[in-house]
Structures are given as structure tokens and as C-alpha cells.
file run-v8.pdb (PDB, C-alpha atoms and all ligand atoms)
MODEL        1
ATOM      1  CA  MET W 402      89.469  87.094 107.023
ATOM      2  CA  ASN W 403      86.973  85.878 109.612
ATOM      3  CA  SER W 404      87.950  85.712 113.274
ATOM      4  CA  GLU W 405      88.019  81.892 113.486
ATOM      5  CA  LEU W 406      90.434  81.680 110.588
ATOM      6  CA  ARG W 407      92.517  84.470 112.077
ATOM      7  CA  GLU W 408      92.743  82.557 115.364
ATOM      8  CA  LEU W 409      93.742  79.359 113.607
ATOM      9  CA  TYR W 410      96.440  81.218 111.666
ATOM     10  CA  GLN W 411      97.689  82.801 114.894
ATOM     11  CA  GLU W 412      97.917  79.365 116.533
ATOM     12  CA  ILE W 413      99.961  77.977 113.643
ATOM     13  CA  ILE W 414     102.372  80.945 113.835
ATOM     14  CA  VAL W 415     102.793  80.539 117.610
ATOM     15  CA  ASP W 416     103.340  76.793 117.220
ATOM     16  CA  HIS W 417     106.037  77.252 114.568
ATOM     17  CA  SER W 418     107.750  80.034 116.526
ATOM     18  CA  LYS W 419     107.958  77.855 119.641
ATOM     19  CA  ARG W 420     108.803  74.584 117.893
ATOM     20  CA  PRO W 421     110.450  75.569 114.613
ATOM     21  CA  ARG W 422     110.712  72.785 112.025
ATOM     22  CA  ASN W 423     113.993  72.009 110.234
ATOM     23  CA  PHE W 424     115.809  74.061 112.877
ATOM     24  CA  HIS W 425     119.318  72.750 112.323
ATOM     25  CA  LYS W 426     122.483  73.344 110.352
ATOM     26  CA  ILE W 427     123.213  71.329 107.236
ATOM     27  CA  ALA W 428     126.946  70.794 106.878
ATOM     28  CA  ALA W 429     126.725  70.001 103.160
ATOM     29  CA  GLY W 430     124.409  72.912 102.395
ATOM     30  CA  ARG W 431     125.015  76.378 101.042
ATOM     31  CA  ALA W 432     124.703  78.783 103.960
ATOM     32  CA  VAL W 433     123.655  82.432 103.930
ATOM     33  CA  GLU W 434     123.156  84.648 106.937
ATOM     34  CA  GLY W 435     120.257  87.090 106.878
ATOM     35  CA  PHE W 436     119.806  90.110 109.122
ATOM     36  CA  ASN W 437     116.839  92.401 109.629
ATOM     37  CA  PRO W 438     118.158  95.425 111.543
ATOM     38  CA  LEU W 439     114.668  96.887 111.977
ATOM     39  CA  CYS W 440     113.727  94.081 114.351
ATOM     40  CA  GLY W 441     117.050  92.420 115.137
ATOM     41  CA  ASP W 442     116.145  89.125 113.455
ATOM     42  CA  ARG W 443     119.231  87.125 112.520
ATOM     43  CA  LEU W 444     119.134  83.714 110.913
ATOM     44  CA  THR W 445     121.193  81.452 108.709
ATOM     45  CA  VAL W 446     119.486  79.417 105.989
ATOM     46  CA  TYR W 447     121.079  76.196 104.732
ATOM     47  CA  VAL W 448     119.981  74.686 101.465
ATOM     48  CA  VAL W 449     121.003  71.664  99.424
ATOM     49  CA  VAL W 450     120.115  71.741  95.730
ATOM     50  CA  ASP W 451     120.419  68.737  93.482
ATOM     51  CA  ASP W 452     119.378  68.635  89.857
ATOM     52  CA  ASP W 453     117.362  71.873  90.108
ATOM     53  CA  LYS W 454     115.496  70.606  93.157
ATOM     54  CA  ILE W 455     115.652  71.681  96.823
ATOM     55  CA  VAL W 456     116.416  68.360  98.467
ATOM     56  CA  ASP W 457     117.099  69.702 101.956
ATOM     57  CA  VAL W 458     116.711  72.989 103.786
ATOM     58  CA  GLY W 459     117.191  74.103 107.370
ATOM     59  CA  PHE W 460     117.856  77.201 109.431
ATOM     60  CA  VAL W 461     119.210  78.388 112.760
ATOM     61  CA  GLY W 462     119.189  81.779 114.431
ATOM     62  CA  ASN W 463     117.467  84.186 116.730
ATOM     63  CA  GLY W 464     114.502  86.247 115.727
ATOM     64  CA  CYS W 465     111.033  87.355 116.674
ATOM     65  CA  ALA W 466     108.053  84.992 116.519
ATOM     66  CA  ILE W 467     107.121  86.094 112.993
ATOM     67  CA  SER W 468     110.573  85.616 111.458
ATOM     68  CA  THR W 469     111.097  82.259 113.188
ATOM     69  CA  ALA W 470     107.656  80.954 112.228
ATOM     70  CA  SER W 471     108.086  82.242 108.674
ATOM     71  CA  ALA W 472     111.417  80.438 108.303
ATOM     72  CA  SER W 473     109.936  77.258 109.770
ATOM     73  CA  VAL W 474     106.884  77.208 107.493
ATOM     74  CA  MET W 475     109.070  78.170 104.509
ATOM     75  CA  THR W 476     111.379  75.196 105.013
ATOM     76  CA  GLU W 477     108.394  72.855 105.137
ATOM     77  CA  ALA W 478     106.859  74.424 102.051
ATOM     78  CA  ILE W 479     109.898  74.383  99.765
ATOM     79  CA  LYS W 480     111.524  71.058 100.614
ATOM     80  CA  GLY W 481     111.302  68.839  97.540
ATOM     81  CA  LYS W 482     110.265  71.715  95.279
ATOM     82  CA  SER W 483     112.066  72.836  92.142
ATOM     83  CA  LEU W 484     113.905  76.168  92.137
ATOM     84  CA  ALA W 485     111.216  77.624  89.855
ATOM     85  CA  GLU W 486     108.450  76.488  92.204
ATOM     86  CA  ALA W 487     110.234  77.971  95.234
ATOM     87  CA  HIS W 488     110.780  81.233  93.374
ATOM     88  CA  ALA W 489     107.094  81.389  92.398
ATOM     89  CA  MET W 490     106.087  80.751  96.024
ATOM     90  CA  PHE W 491     108.234  83.648  97.190
ATOM     91  CA  ALA W 492     106.683  85.952  94.593
ATOM     92  CA  GLN W 493     103.191  85.002  95.832
ATOM     93  CA  PHE W 494     104.203  85.239  99.462
ATOM     94  CA  HIS W 495     105.811  88.651  98.920
ATOM     95  CA  ALA W 496     102.700  89.988  97.185
ATOM     96  CA  MET W 497     100.500  88.639  99.976
ATOM     97  CA  VAL W 498     102.429  90.219 102.864
ATOM     98  CA  THR W 499     103.121  93.546 101.130
ATOM     99  CA  THR W 500      99.775  94.211  99.441
ATOM    100  CA  GLY W 501      97.352  91.921 101.258
ATOM    101  CA  ALA W 502      96.718  90.090  97.982
ATOM    102  CA  THR W 503      94.692  86.918  98.389
ATOM    103  CA  PRO W 504      97.166  84.066  98.114
ATOM    104  CA  ASP W 505      96.976  81.337  95.536
ATOM    105  CA  PRO W 506      95.606  78.154  97.167
ATOM    106  CA  ALA W 507      98.893  76.510  96.164
ATOM    107  CA  LEU W 508     100.615  78.536  98.884
ATOM    108  CA  GLY W 509      99.024  76.236 101.456
ATOM    109  CA  LYS W 510     100.122  76.910 105.013
ATOM    110  CA  LEU W 511     102.125  79.972 103.945
ATOM    111  CA  ALA W 512      98.752  81.754 103.847
ATOM    112  CA  VAL W 513      98.868  82.013 107.648
ATOM    113  CA  PHE W 514     101.124  85.060 107.193
ATOM    114  CA  GLY W 515      98.481  86.988 105.219
ATOM    115  CA  GLY W 516      97.673  89.085 108.298
ATOM    116  CA  VAL W 517     101.207  90.516 108.258
ATOM    117  CA  ALA W 518     100.070  92.910 105.503
ATOM    118  CA  GLU W 519      98.228  94.866 108.204
ATOM    119  CA  PHE W 520     101.491  95.422 110.087
ATOM    120  CA  PRO W 521     104.016  97.006 107.686
ATOM    121  CA  SER W 522     106.791  96.961 110.301
ATOM    122  CA  ARG W 523     106.599  93.154 110.385
ATOM    123  CA  VAL W 524     106.813  92.582 106.641
ATOM    124  CA  LYS W 525     110.615  92.363 106.761
ATOM    125  CA  CYS W 526     110.385  89.829 109.592
ATOM    126  CA  ALA W 527     108.190  87.599 107.422
ATOM    127  CA  THR W 528     110.247  88.014 104.246
ATOM    128  CA  LEU W 529     113.748  87.791 105.779
ATOM    129  CA  PRO W 530     113.923  83.969 105.528
ATOM    130  CA  TRP W 531     112.847  84.139 101.882
ATOM    131  CA  HIS W 532     115.355  86.843 100.922
ATOM    132  CA  THR W 533     118.024  84.797 102.661
ATOM    133  CA  LEU W 534     116.949  81.651 100.808
ATOM    134  CA  GLU W 535     117.071  83.483  97.465
ATOM    135  CA  ALA W 536     120.622  84.615  98.207
ATOM    136  CA  ALA W 537     121.560  81.033  99.081
ATOM    137  CA  LEU W 538     120.045  79.734  95.846
ATOM    138  CA  GLU W 539     121.840  82.376  93.792
ATOM    139  CA  GLY W 540     125.062  81.608  95.607
ATOM    140  CA  ASN W 541     126.600  85.067  95.201
ATOM    141  CA  GLU W 542     126.618  86.288  98.798
ATOM    142  CA  ASP W 543     127.088  84.732 102.187
ATOM    143  CA  ARG W 544     125.378  87.515 104.095
ATOM    144  CA  ILE W 545     122.400  89.764 103.369
ATOM    145  CA  SER W 546     120.595  92.538 105.185
ATOM    146  CA  THR W 547     117.075  93.816 104.605
ATOM    147  CA  GLU W 548     118.357  97.407 104.945
TER     148      GLU W 548
HETATM  149 ZN    ZN B 601     111.168  90.360 113.503
ENDMDL
END
call {"tool": "encode", "arguments": {"input": "run-v8.pdb", "output": "C-alpha cells", "more": "lines below"}}
Ligand code: ZN
result
Amino acid sequence: MNSELRELYQEIIVDHSKRPRNFHKIAAGRAVEGFNPLCGDRLTVYVVVDDDKIVDVGFVGNGCAISTASASVMTEAIKGKSLAEAHAMFAQFHAMVTTGATPDPALGKLAVFGGVAEFPSRVKCATLPWHTLEAALEGNEDRISTE
């Protein structure tokens, strides 16, 4: 990754951590609380699914810049997507942040988190919103922890 791209990615992460998008509860949504004890990140993801499609998604909570920005960019990326598309995005995202794999261009803005692979202690911050989303989509649990 060249330094200009790295700077741009950093700016996007800072922007989303300071002004998170879709940062609100959704009364009609399924809610799951996610906790990352390693960092102390705690957030609740709300999701509304209709006819196999994510029609609305939001989150609230307190976390570090990475977890907040990751949740914010995630909500933007998955809104309007099918469950299969969202699941495929998470698989790509997970591979990118754990192995440094070059992301599929279809990941779009989610690629800004590629640098997380260099900081293993932050991987759970970046993936917490996604694990929480998966739990909400599966509908089996109302609380998850990364540990
Ligand atoms: Zn964190």
C-alpha cells in the first residue's frame, strides 16, 4: 500500500469514527450486543431483514476508533444487500484483516481496514461489528463476545 493511499484510508477511518453513519437504534430491528473484552469495545447492532434482504441496519455503543469506524462503514456497505452478499462481504473482510489478503474490488470502502492486518491486536476491533451482525442475522443469541 503506498503512503498516499494509506493516508486516505486513515482519513476515512477517522471520519467514520468521529461521525459514525447509521448510529441509531432501530425499534423494529433484531438487536444483538457485541463485546470485545480485549479492547473494551461494546456495541449493539440492529438489523431489519425483509425477503432475504437487509433493508435497514444501525448500531449504537462505545468503542475505539477502529470498532466504531468498522461498524459505520459496515452499515453503509450492507444496507440493501442480500444475506448471501453480506455474508460474502464478511468472509472477504475477515480474510483481509486477518491475513492481509488483497480485497476484492467489490468490497469498496471496506478496503480501508486492510491496514489492520499489520496490527493483530486490533483485528477483533474491526471484526466485532461483523460478528455481531452475523449473530443478529442468525437470530440465535442476543449477546456475543469475541473471547
Ligand atoms: Zn477496539
call {"tool": "residues_near_point", "arguments": {"input": "run-v8.pdb", "point": "(117.6, 98.5, 105.9)", "cutoff": "10 Å", "atoms": "all atoms listed in the file", "output": "ChimeraX atom specification"}}
result
/W:436-439,525,546-548
call {"tool": "resolve_selection", "arguments": {"input": "run-v8.pdb", "expression": "the PyMOL selection byres (((chain W and resi 501) around 8) and not hetatm)", "output": "list in words"}}
result
Ala496, Met497, Val498, Thr499, Thr500, Ala502, Thr503, Gly515, Gly516, Ala518 and Glu519 of chain W
call {"tool": "closest_residue", "arguments": {"input": "run-v8.pdb", "among": "W:Arg443, W:His488, W:Lys480, W:Arg422", "to": "ligand ZN 601 (chain B)", "atoms": "only C-alpha atoms and all ligand atoms"}}
result
W:Arg443
call {"tool": "resolve_selection", "arguments": {"input": "run-v8.pdb", "expression": "the PyMOL selection byres (((chain W and resi 426) around 10) and not hetatm)", "output": "PDB file with C-alpha atoms, in the coordinates of the input"}}
result
ATOM      1  CA  ASN W 423     113.993  72.009 110.234  1.00  0.00           C
ATOM      2  CA  PHE W 424     115.809  74.061 112.877  1.00  0.00           C
ATOM      3  CA  HIS W 425     119.318  72.750 112.323  1.00  0.00           C
ATOM      4  CA  ILE W 427     123.213  71.329 107.236  1.00  0.00           C
ATOM      5  CA  ALA W 428     126.946  70.794 106.878  1.00  0.00           C
ATOM      6  CA  ALA W 429     126.725  70.001 103.160  1.00  0.00           C
ATOM      7  CA  GLY W 430     124.409  72.912 102.395  1.00  0.00           C
ATOM      8  CA  ALA W 432     124.703  78.783 103.960  1.00  0.00           C
ATOM      9  CA  THR W 445     121.193  81.452 108.709  1.00  0.00           C
ATOM     10  CA  VAL W 446     119.486  79.417 105.989  1.00  0.00           C
ATOM     11  CA  TYR W 447     121.079  76.196 104.732  1.00  0.00           C
ATOM     12  CA  VAL W 448     119.981  74.686 101.465  1.00  0.00           C
ATOM     13  CA  VAL W 458     116.711  72.989 103.786  1.00  0.00           C
ATOM     14  CA  GLY W 459     117.191  74.103 107.370  1.00  0.00           C
ATOM     15  CA  PHE W 460     117.856  77.201 109.431  1.00  0.00           C
ATOM     16  CA  VAL W 461     119.210  78.388 112.760  1.00  0.00           C
ATOM     17  CA  GLY W 462     119.189  81.779 114.431  1.00  0.00           C
TER      18      GLY W 462
END
call {"tool": "atom_distance", "arguments": {"input": "run-v8.pdb", "atom1": "atom CA of W:Glu539", "atom2": "atom ZN of ligand ZN 601 (chain B)"}}
result
23.8 Å
call {"tool": "atom_distance", "arguments": {"input": "run-v8.pdb", "atom1": "atom CA of W:Ser522", "atom2": "atom CA of W:His495"}}
result
14.1 Å
call {"tool": "closest_atom_pairs", "arguments": {"input": "run-v8.pdb", "of": "chain W", "to": "ligand ZN 601 (chain B)", "cutoff": "10 Å", "atoms": "only C-alpha atoms and all ligand atoms", "output": "CSV"}}
result
residue,atom,partner,partner_atom,distance
W:Phe436,CA,B:ZN601,ZN,9.7
W:Asn437,CA,B:ZN601,ZN,7.2
W:Pro438,CA,B:ZN601,ZN,8.9
W:Leu439,CA,B:ZN601,ZN,7.6
W:Cys440,CA,B:ZN601,ZN,4.6
W:Gly441,CA,B:ZN601,ZN,6.4
W:Asp442,CA,B:ZN601,ZN,5.1
W:Arg443,CA,B:ZN601,ZN,8.7
W:Asn463,CA,B:ZN601,ZN,9.4
W:Gly464,CA,B:ZN601,ZN,5.7
W:Cys465,CA,B:ZN601,ZN,4.4
W:Ala466,CA,B:ZN601,ZN,6.9
W:Ile467,CA,B:ZN601,ZN,5.9
W:Ser468,CA,B:ZN601,ZN,5.2
W:Thr469,CA,B:ZN601,ZN,8.1
W:Ser471,CA,B:ZN601,ZN,9.9
W:Ser522,CA,B:ZN601,ZN,8.5
W:Arg523,CA,B:ZN601,ZN,6.2
W:Val524,CA,B:ZN601,ZN,8.4
W:Lys525,CA,B:ZN601,ZN,7.1
W:Cys526,CA,B:ZN601,ZN,4.0
W:Ala527,CA,B:ZN601,ZN,7.3
W:Thr528,CA,B:ZN601,ZN,9.6
W:Leu529,CA,B:ZN601,ZN,8.5
call {"tool": "write_last_selection", "arguments": {"input": "run-v8.pdb", "atoms": "C-alpha atoms", "output": "PDB file, in the coordinates of the input"}}
result
ATOM      1  CA  PHE W 436     119.806  90.110 109.122  1.00  0.00           C
ATOM      2  CA  ASN W 437     116.839  92.401 109.629  1.00  0.00           C
ATOM      3  CA  PRO W 438     118.158  95.425 111.543  1.00  0.00           C
ATOM      4  CA  LEU W 439     114.668  96.887 111.977  1.00  0.00           C
ATOM      5  CA  CYS W 440     113.727  94.081 114.351  1.00  0.00           C
ATOM      6  CA  GLY W 441     117.050  92.420 115.137  1.00  0.00           C
ATOM      7  CA  ASP W 442     116.145  89.125 113.455  1.00  0.00           C
ATOM      8  CA  ARG W 443     119.231  87.125 112.520  1.00  0.00           C
ATOM      9  CA  ASN W 463     117.467  84.186 116.730  1.00  0.00           C
ATOM     10  CA  GLY W 464     114.502  86.247 115.727  1.00  0.00           C
ATOM     11  CA  CYS W 465     111.033  87.355 116.674  1.00  0.00           C
ATOM     12  CA  ALA W 466     108.053  84.992 116.519  1.00  0.00           C
ATOM     13  CA  ILE W 467     107.121  86.094 112.993  1.00  0.00           C
ATOM     14  CA  SER W 468     110.573  85.616 111.458  1.00  0.00           C
ATOM     15  CA  THR W 469     111.097  82.259 113.188  1.00  0.00           C
ATOM     16  CA  SER W 471     108.086  82.242 108.674  1.00  0.00           C
ATOM     17  CA  SER W 522     106.791  96.961 110.301  1.00  0.00           C
ATOM     18  CA  ARG W 523     106.599  93.154 110.385  1.00  0.00           C
ATOM     19  CA  VAL W 524     106.813  92.582 106.641  1.00  0.00           C
ATOM     20  CA  LYS W 525     110.615  92.363 106.761  1.00  0.00           C
ATOM     21  CA  CYS W 526     110.385  89.829 109.592  1.00  0.00           C
ATOM     22  CA  ALA W 527     108.190  87.599 107.422  1.00  0.00           C
ATOM     23  CA  THR W 528     110.247  88.014 104.246  1.00  0.00           C
ATOM     24  CA  LEU W 529     113.748  87.791 105.779  1.00  0.00           C
TER      25      LEU W 529
END
call {"tool": "axis_aligned_box", "arguments": {"input": "run-v8.pdb", "around": "stretch 450-456 of chain W", "padding_each_side": "4 Å", "output": "JSON"}}
result
{"center_x": 118.0, "center_y": 70.1, "center_z": 94.2, "size_x": 12.9, "size_y": 11.5, "size_z": 16.6}
call {"tool": "closest_residue", "arguments": {"input": "run-v8.pdb", "among": "W:Asp451, W:Phe491, W:Ile414, W:Ser473", "to": "W:Glu535", "atoms": "all atoms listed in the file"}}
result
W:Phe491
call {"tool": "atom_distance", "arguments": {"input": "run-v8.pdb", "atom1": "atom CA of W:Phe514", "atom2": "atom CA of W:Gln411"}}
result
8.7 Å
call {"tool": "resolve_selection", "arguments": {"input": "run-v8.pdb", "expression": "the PyMOL selection byres (((chain W and resi 507) around 12) and not hetatm)", "output": "MDAnalysis selection string"}}
result
chainID W and resid 478:479 486:487 489:491 493:494 503:506 508:512
call {"tool": "closest_residue", "arguments": {"input": "run-v8.pdb", "among": "W:Ala472, W:Leu444, W:Val513, W:Ala492", "to": "W:Ile413", "atoms": "only C-alpha atoms"}}
result
W:Val513
call {"tool": "closest_residue", "arguments": {"input": "run-v8.pdb", "among": "W:Val456, W:Val415, W:Val517, W:Val450", "to": "W:Val474", "atoms": "only C-alpha atoms"}}
result
W:Val415
call {"tool": "closest_residue", "arguments": {"input": "run-v8.pdb", "among": "W:Asp453, W:Glu477, W:Gly540, W:Ser404", "to": "W:His417", "atoms": "only C-alpha atoms"}}
result
W:Glu477
